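Below is one structure; the comments refer to it alone.
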Amino acid sequence: MTYPMQCSALRKNGHVVIKGRPCKIVDMSTSKTGKHGHAKVHLVAIDIFTNKKLEDISPSTHNMDVPNVNRMEYTLVNIDDGFLNLMTGDGAEKNDVKVPEGELGEQIEKDFEDGKDLVIAVTSAMGEELALGYKEASK
């Protein structure tokens, strides 16, 4: 689910695990080496599922976990009891992704009820999945 990467090799817009959560790095700065010899990397990142801001400071020579983040697109077949009924490219069903909360979820439901063919983008990392976007399928 994750792989190690040295702090100094992490980059802005990359991913990192902070406090056990998969995050996208939005800002990072490196302090100068102190009198004990280690430069510190200050990371500011946003949880990719909850949008909460998390921060971490780590010596630049230490390893941090980087989550394997996958993004898949599925065709929306139905919306059932708060879950999206999705179809994979090879025709298999996928029924375990919740309708996203807030404006995105409302917009998906509205467009689906209007009879539009929708393609849902599902991001997964560390055993969690969330629909983070959608578009109308091209005819």
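Ligands are numbered from 1 in the order shown, residues from 1 within each chain, and chains are lettered A, B, ... in the order they appear in the structure tokens.
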| field | Members of chain A assigned strand (DSSP E or B) by DSSP, as an MDAnalysis selection string | value | chainID A and resid 2:6 15:18 21:30 40:47 53:59 63:67 70:80 83:87 93:98 118:125 128:136
Could you build a table of the residues in segment 55-104 of chain A lying no more than 7 Å from segment 13-19 of chain A, giving for each the nearest pair of atoms and their separation in Å rounded to one decimal place, using only C-alpha atoms, ordered by chain and ascending residue number, as CSV?
```
residue,atom,partner,partner_atom,distance
A:Asp56,CA,A:Ile18,CA,6.8
A:Asp65,CA,A:Val17,CA,5.4
A:Val66,CA,A:Val16,CA,4.3
A:Pro67,CA,A:Val16,CA,6.1
```
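Going from atom CA of Asn78 of chain A to atom CA of Asp117 of chain A covers 10.4 Å.
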| Using only C-alpha atoms: which of A:Ala121, A:Asp114, A:Asp27, A:Arg11 has the shortest distance to Asn70 of chain A | A:Ala121
Give me every alpha helix (DSSP H) residue in segment 3-139 of chain A, going by DSSP on the backbone, as an mmCIF file with all heavy atoms, in the first residue's frame.
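Output below, filename states.cif:
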```cif
data_model
loop_
_atom_site.group_PDB
_atom_site.id
_atom_site.type_symbol
_atom_site.label_atom_id
_atom_site.label_comp_id
_atom_site.auth_asym_id
_atom_site.auth_seq_id
_atom_site.Cartn_x
_atom_site.Cartn_y
_atom_site.Cartn_z
ATOM 1 N N GLU A 103 -21.588 19.074 -2.344
ATOM 2 C CA GLU A 103 -21.979 19.555 -3.662
ATOM 3 C C GLU A 103 -21.719 18.535 -4.771
ATOM 4 O O GLU A 103 -22.552 18.338 -5.655
ATOM 5 C CB GLU A 103 -21.208 20.846 -3.951
ATOM 6 C CG GLU A 103 -21.871 21.744 -4.978
ATOM 7 C CD GLU A 103 -21.126 23.068 -5.119
ATOM 8 O OE1 GLU A 103 -20.986 23.782 -4.100
ATOM 9 O OE2 GLU A 103 -20.694 23.361 -6.234
ATOM 10 N N LEU A 104 -20.559 17.862 -4.706
ATOM 11 C CA LEU A 104 -20.216 16.886 -5.751
ATOM 12 C C LEU A 104 -21.247 15.758 -5.820
ATOM 13 O O LEU A 104 -21.740 15.414 -6.892
ATOM 14 C CB LEU A 104 -18.816 16.308 -5.504
ATOM 15 C CG LEU A 104 -18.364 15.226 -6.485
ATOM 16 C CD1 LEU A 104 -18.220 15.789 -7.891
ATOM 17 C CD2 LEU A 104 -17.059 14.609 -6.042
ATOM 18 N N GLY A 105 -21.618 15.221 -4.656
ATOM 19 C CA GLY A 105 -22.603 14.142 -4.612
ATOM 20 C C GLY A 105 -23.961 14.587 -5.125
ATOM 21 O O GLY A 105 -24.626 13.868 -5.884
ATOM 22 N N GLU A 106 -24.378 15.798 -4.728
ATOM 23 C CA GLU A 106 -25.673 16.337 -5.187
ATOM 24 C C GLU A 106 -25.675 16.517 -6.703
ATOM 25 O O GLU A 106 -26.660 16.212 -7.380
ATOM 26 C CB GLU A 106 -25.959 17.677 -4.494
ATOM 27 C CG GLU A 106 -26.257 17.536 -3.006
ATOM 28 C CD GLU A 106 -26.216 18.880 -2.282
ATOM 29 O OE1 GLU A 106 -26.291 19.930 -2.941
ATOM 30 O OE2 GLU A 106 -26.096 18.862 -1.035
ATOM 31 N N GLN A 107 -24.551 17.007 -7.245
ATOM 32 C CA GLN A 107 -24.454 17.247 -8.685
ATOM 33 C C GLN A 107 -24.485 15.927 -9.461
ATOM 34 O O GLN A 107 -25.136 15.824 -10.502
ATOM 35 C CB GLN A 107 -23.152 18.013 -8.988
ATOM 36 C CG GLN A 107 -23.119 18.662 -10.355
ATOM 37 C CD GLN A 107 -24.199 19.734 -10.547
ATOM 38 O OE1 GLN A 107 -24.392 20.590 -9.708
ATOM 39 N NE2 GLN A 107 -24.903 19.669 -11.655
ATOM 40 N N ILE A 108 -23.795 14.897 -8.945
ATOM 41 C CA ILE A 108 -23.808 13.575 -9.595
ATOM 42 C C ILE A 108 -25.246 13.043 -9.624
ATOM 43 O O ILE A 108 -25.729 12.585 -10.661
ATOM 44 C CB ILE A 108 -22.873 12.584 -8.863
ATOM 45 C CG1 ILE A 108 -21.403 12.962 -9.097
ATOM 46 C CG2 ILE A 108 -23.120 11.143 -9.333
ATOM 47 C CD1 ILE A 108 -20.400 12.146 -8.295
ATOM 48 N N GLU A 109 -25.937 13.105 -8.480
ATOM 49 C CA GLU A 109 -27.311 12.590 -8.411
ATOM 50 C C GLU A 109 -28.239 13.353 -9.349
ATOM 51 O O GLU A 109 -29.059 12.759 -10.042
ATOM 52 C CB GLU A 109 -27.831 12.652 -6.964
ATOM 53 C CG GLU A 109 -27.170 11.616 -6.059
ATOM 54 C CD GLU A 109 -27.642 11.687 -4.618
ATOM 55 O OE1 GLU A 109 -28.361 12.642 -4.243
ATOM 56 O OE2 GLU A 109 -27.283 10.767 -3.857
ATOM 57 N N LYS A 110 -28.090 14.682 -9.394
ATOM 58 C CA LYS A 110 -28.947 15.509 -10.253
ATOM 59 C C LYS A 110 -28.725 15.165 -11.728
ATOM 60 O O LYS A 110 -29.674 14.930 -12.470
ATOM 61 C CB LYS A 110 -28.663 16.990 -9.999
ATOM 62 C CG LYS A 110 -29.530 17.934 -10.825
ATOM 63 C CD LYS A 110 -29.118 19.389 -10.589
ATOM 64 C CE LYS A 110 -29.816 20.329 -11.535
ATOM 65 N NZ LYS A 110 -29.548 20.051 -12.953
ATOM 66 N N ASP A 111 -27.448 15.122 -12.153
ATOM 67 C CA ASP A 111 -27.152 14.820 -13.556
ATOM 68 C C ASP A 111 -27.602 13.411 -13.926
ATOM 69 O O ASP A 111 -28.070 13.163 -15.039
ATOM 70 C CB ASP A 111 -25.653 14.987 -13.845
ATOM 71 C CG ASP A 111 -25.249 16.457 -13.946
ATOM 72 O OD1 ASP A 111 -26.141 17.329 -13.856
ATOM 73 O OD2 ASP A 111 -24.051 16.731 -14.121
ATOM 74 N N PHE A 112 -27.468 12.461 -12.969
ATOM 75 C CA PHE A 112 -27.896 11.090 -13.239
ATOM 76 C C PHE A 112 -29.416 11.033 -13.424
ATOM 77 O O PHE A 112 -29.920 10.372 -14.333
ATOM 78 C CB PHE A 112 -27.450 10.149 -12.109
ATOM 79 C CG PHE A 112 -27.804 8.706 -12.362
ATOM 80 C CD1 PHE A 112 -27.128 7.978 -13.330
ATOM 81 C CD2 PHE A 112 -28.828 8.093 -11.657
ATOM 82 C CE1 PHE A 112 -27.460 6.655 -13.575
ATOM 83 C CE2 PHE A 112 -29.155 6.771 -11.900
ATOM 84 C CZ PHE A 112 -28.474 6.049 -12.862
ATOM 85 N N GLU A 113 -30.144 11.759 -12.562
ATOM 86 C CA GLU A 113 -31.611 11.786 -12.676
ATOM 87 C C GLU A 113 -32.061 12.461 -13.963
ATOM 88 O O GLU A 113 -33.123 12.158 -14.494
ATOM 89 C CB GLU A 113 -32.228 12.499 -11.463
ATOM 90 C CG GLU A 113 -32.234 11.628 -10.219
ATOM 91 C CD GLU A 113 -32.491 12.424 -8.946
ATOM 92 O OE1 GLU A 113 -33.006 13.563 -9.035
ATOM 93 O OE2 GLU A 113 -32.166 11.900 -7.864
#
```
Listing only residues of segment 29-71 of chain A within 10 Å of segment 128-136 of chain A, what is the closest atom pair and its distance in Å (to one decimal) for each, using only C-alpha atoms, sorted by chain and residue number ascending, as a Markdown table?
```
| residue | atom | partner | partner_atom | distance |
| --- | --- | --- | --- | --- |
| A:Ile48 | CA | A:Leu130 | CA | 9.1 |
| A:Phe49 | CA | A:Leu130 | CA | 6.7 |
| A:Thr50 | CA | A:Leu130 | CA | 9.7 |
| A:Val69 | CA | A:Glu129 | CA | 9.9 |
| A:Asn70 | CA | A:Glu129 | CA | 9.3 |
| A:Arg71 | CA | A:Leu132 | CA | 9.4 |
```
Could you dump the residues just selected with N, CA, C and O atoms as a PDB file, in the first residue's frame?
```
ATOM      1  N   ILE A  48      -6.132  13.336   1.093  1.00  0.00           N
ATOM      2  CA  ILE A  48      -6.811  13.254  -0.208  1.00  0.00           C
ATOM      3  C   ILE A  48      -8.271  12.815  -0.079  1.00  0.00           C
ATOM      4  O   ILE A  48      -9.038  12.981  -1.018  1.00  0.00           O
ATOM      5  N   PHE A  49      -8.671  12.274   1.073  1.00  0.00           N
ATOM      6  CA  PHE A  49     -10.056  11.845   1.237  1.00  0.00           C
ATOM      7  C   PHE A  49     -10.894  12.803   2.075  1.00  0.00           C
ATOM      8  O   PHE A  49     -12.065  12.998   1.810  1.00  0.00           O
ATOM      9  N   THR A  50     -10.291  13.419   3.098  1.00  0.00           N
ATOM     10  CA  THR A  50     -11.079  14.284   3.992  1.00  0.00           C
ATOM     11  C   THR A  50     -10.813  15.770   3.764  1.00  0.00           C
ATOM     12  O   THR A  50     -11.496  16.605   4.346  1.00  0.00           O
ATOM     13  N   VAL A  69      -1.257   5.683  -4.944  1.00  0.00           N
ATOM     14  CA  VAL A  69      -2.556   6.294  -5.227  1.00  0.00           C
ATOM     15  C   VAL A  69      -2.960   5.916  -6.645  1.00  0.00           C
ATOM     16  O   VAL A  69      -2.205   6.128  -7.589  1.00  0.00           O
ATOM     17  N   ASN A  70      -4.141   5.320  -6.768  1.00  0.00           N
ATOM     18  CA  ASN A  70      -4.652   4.944  -8.083  1.00  0.00           C
ATOM     19  C   ASN A  70      -5.911   5.732  -8.390  1.00  0.00           C
ATOM     20  O   ASN A  70      -6.712   6.004  -7.501  1.00  0.00           O
ATOM     21  N   ARG A  71      -6.085   6.046  -9.667  1.00  0.00           N
ATOM     22  CA  ARG A  71      -7.293   6.738 -10.096  1.00  0.00           C
ATOM     23  C   ARG A  71      -7.882   5.931 -11.236  1.00  0.00           C
ATOM     24  O   ARG A  71      -7.218   5.697 -12.245  1.00  0.00           O
TER      25      ARG A  71
END
```
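Across the model, the gap from atom CA of Asn63 of chain A to atom CA of Lys35 of chain A is 21.5 Å.
Nearest residue to Val77 of chain A among A:Cys7, A:Val122, A:Ala92, A:Ala39 is A:Ala92, counting only C-alpha atoms.
The two atoms in question, atom CA of Ala125 of chain A and atom CA of Thr61 of chain A, are spaced 25.0 Å apart.
Of the listed residues (A:Met5, A:Val41, A:Leu86, A:Val26), A:Val26 comes nearest to Leu54 of chain A; the distances count only C-alpha atoms.
Nearest residue to Gly20 of chain A, choosing from A:Gly91, A:Lys116, A:Met126, A:Ile79 and counting only C-alpha atoms: A:Met126.
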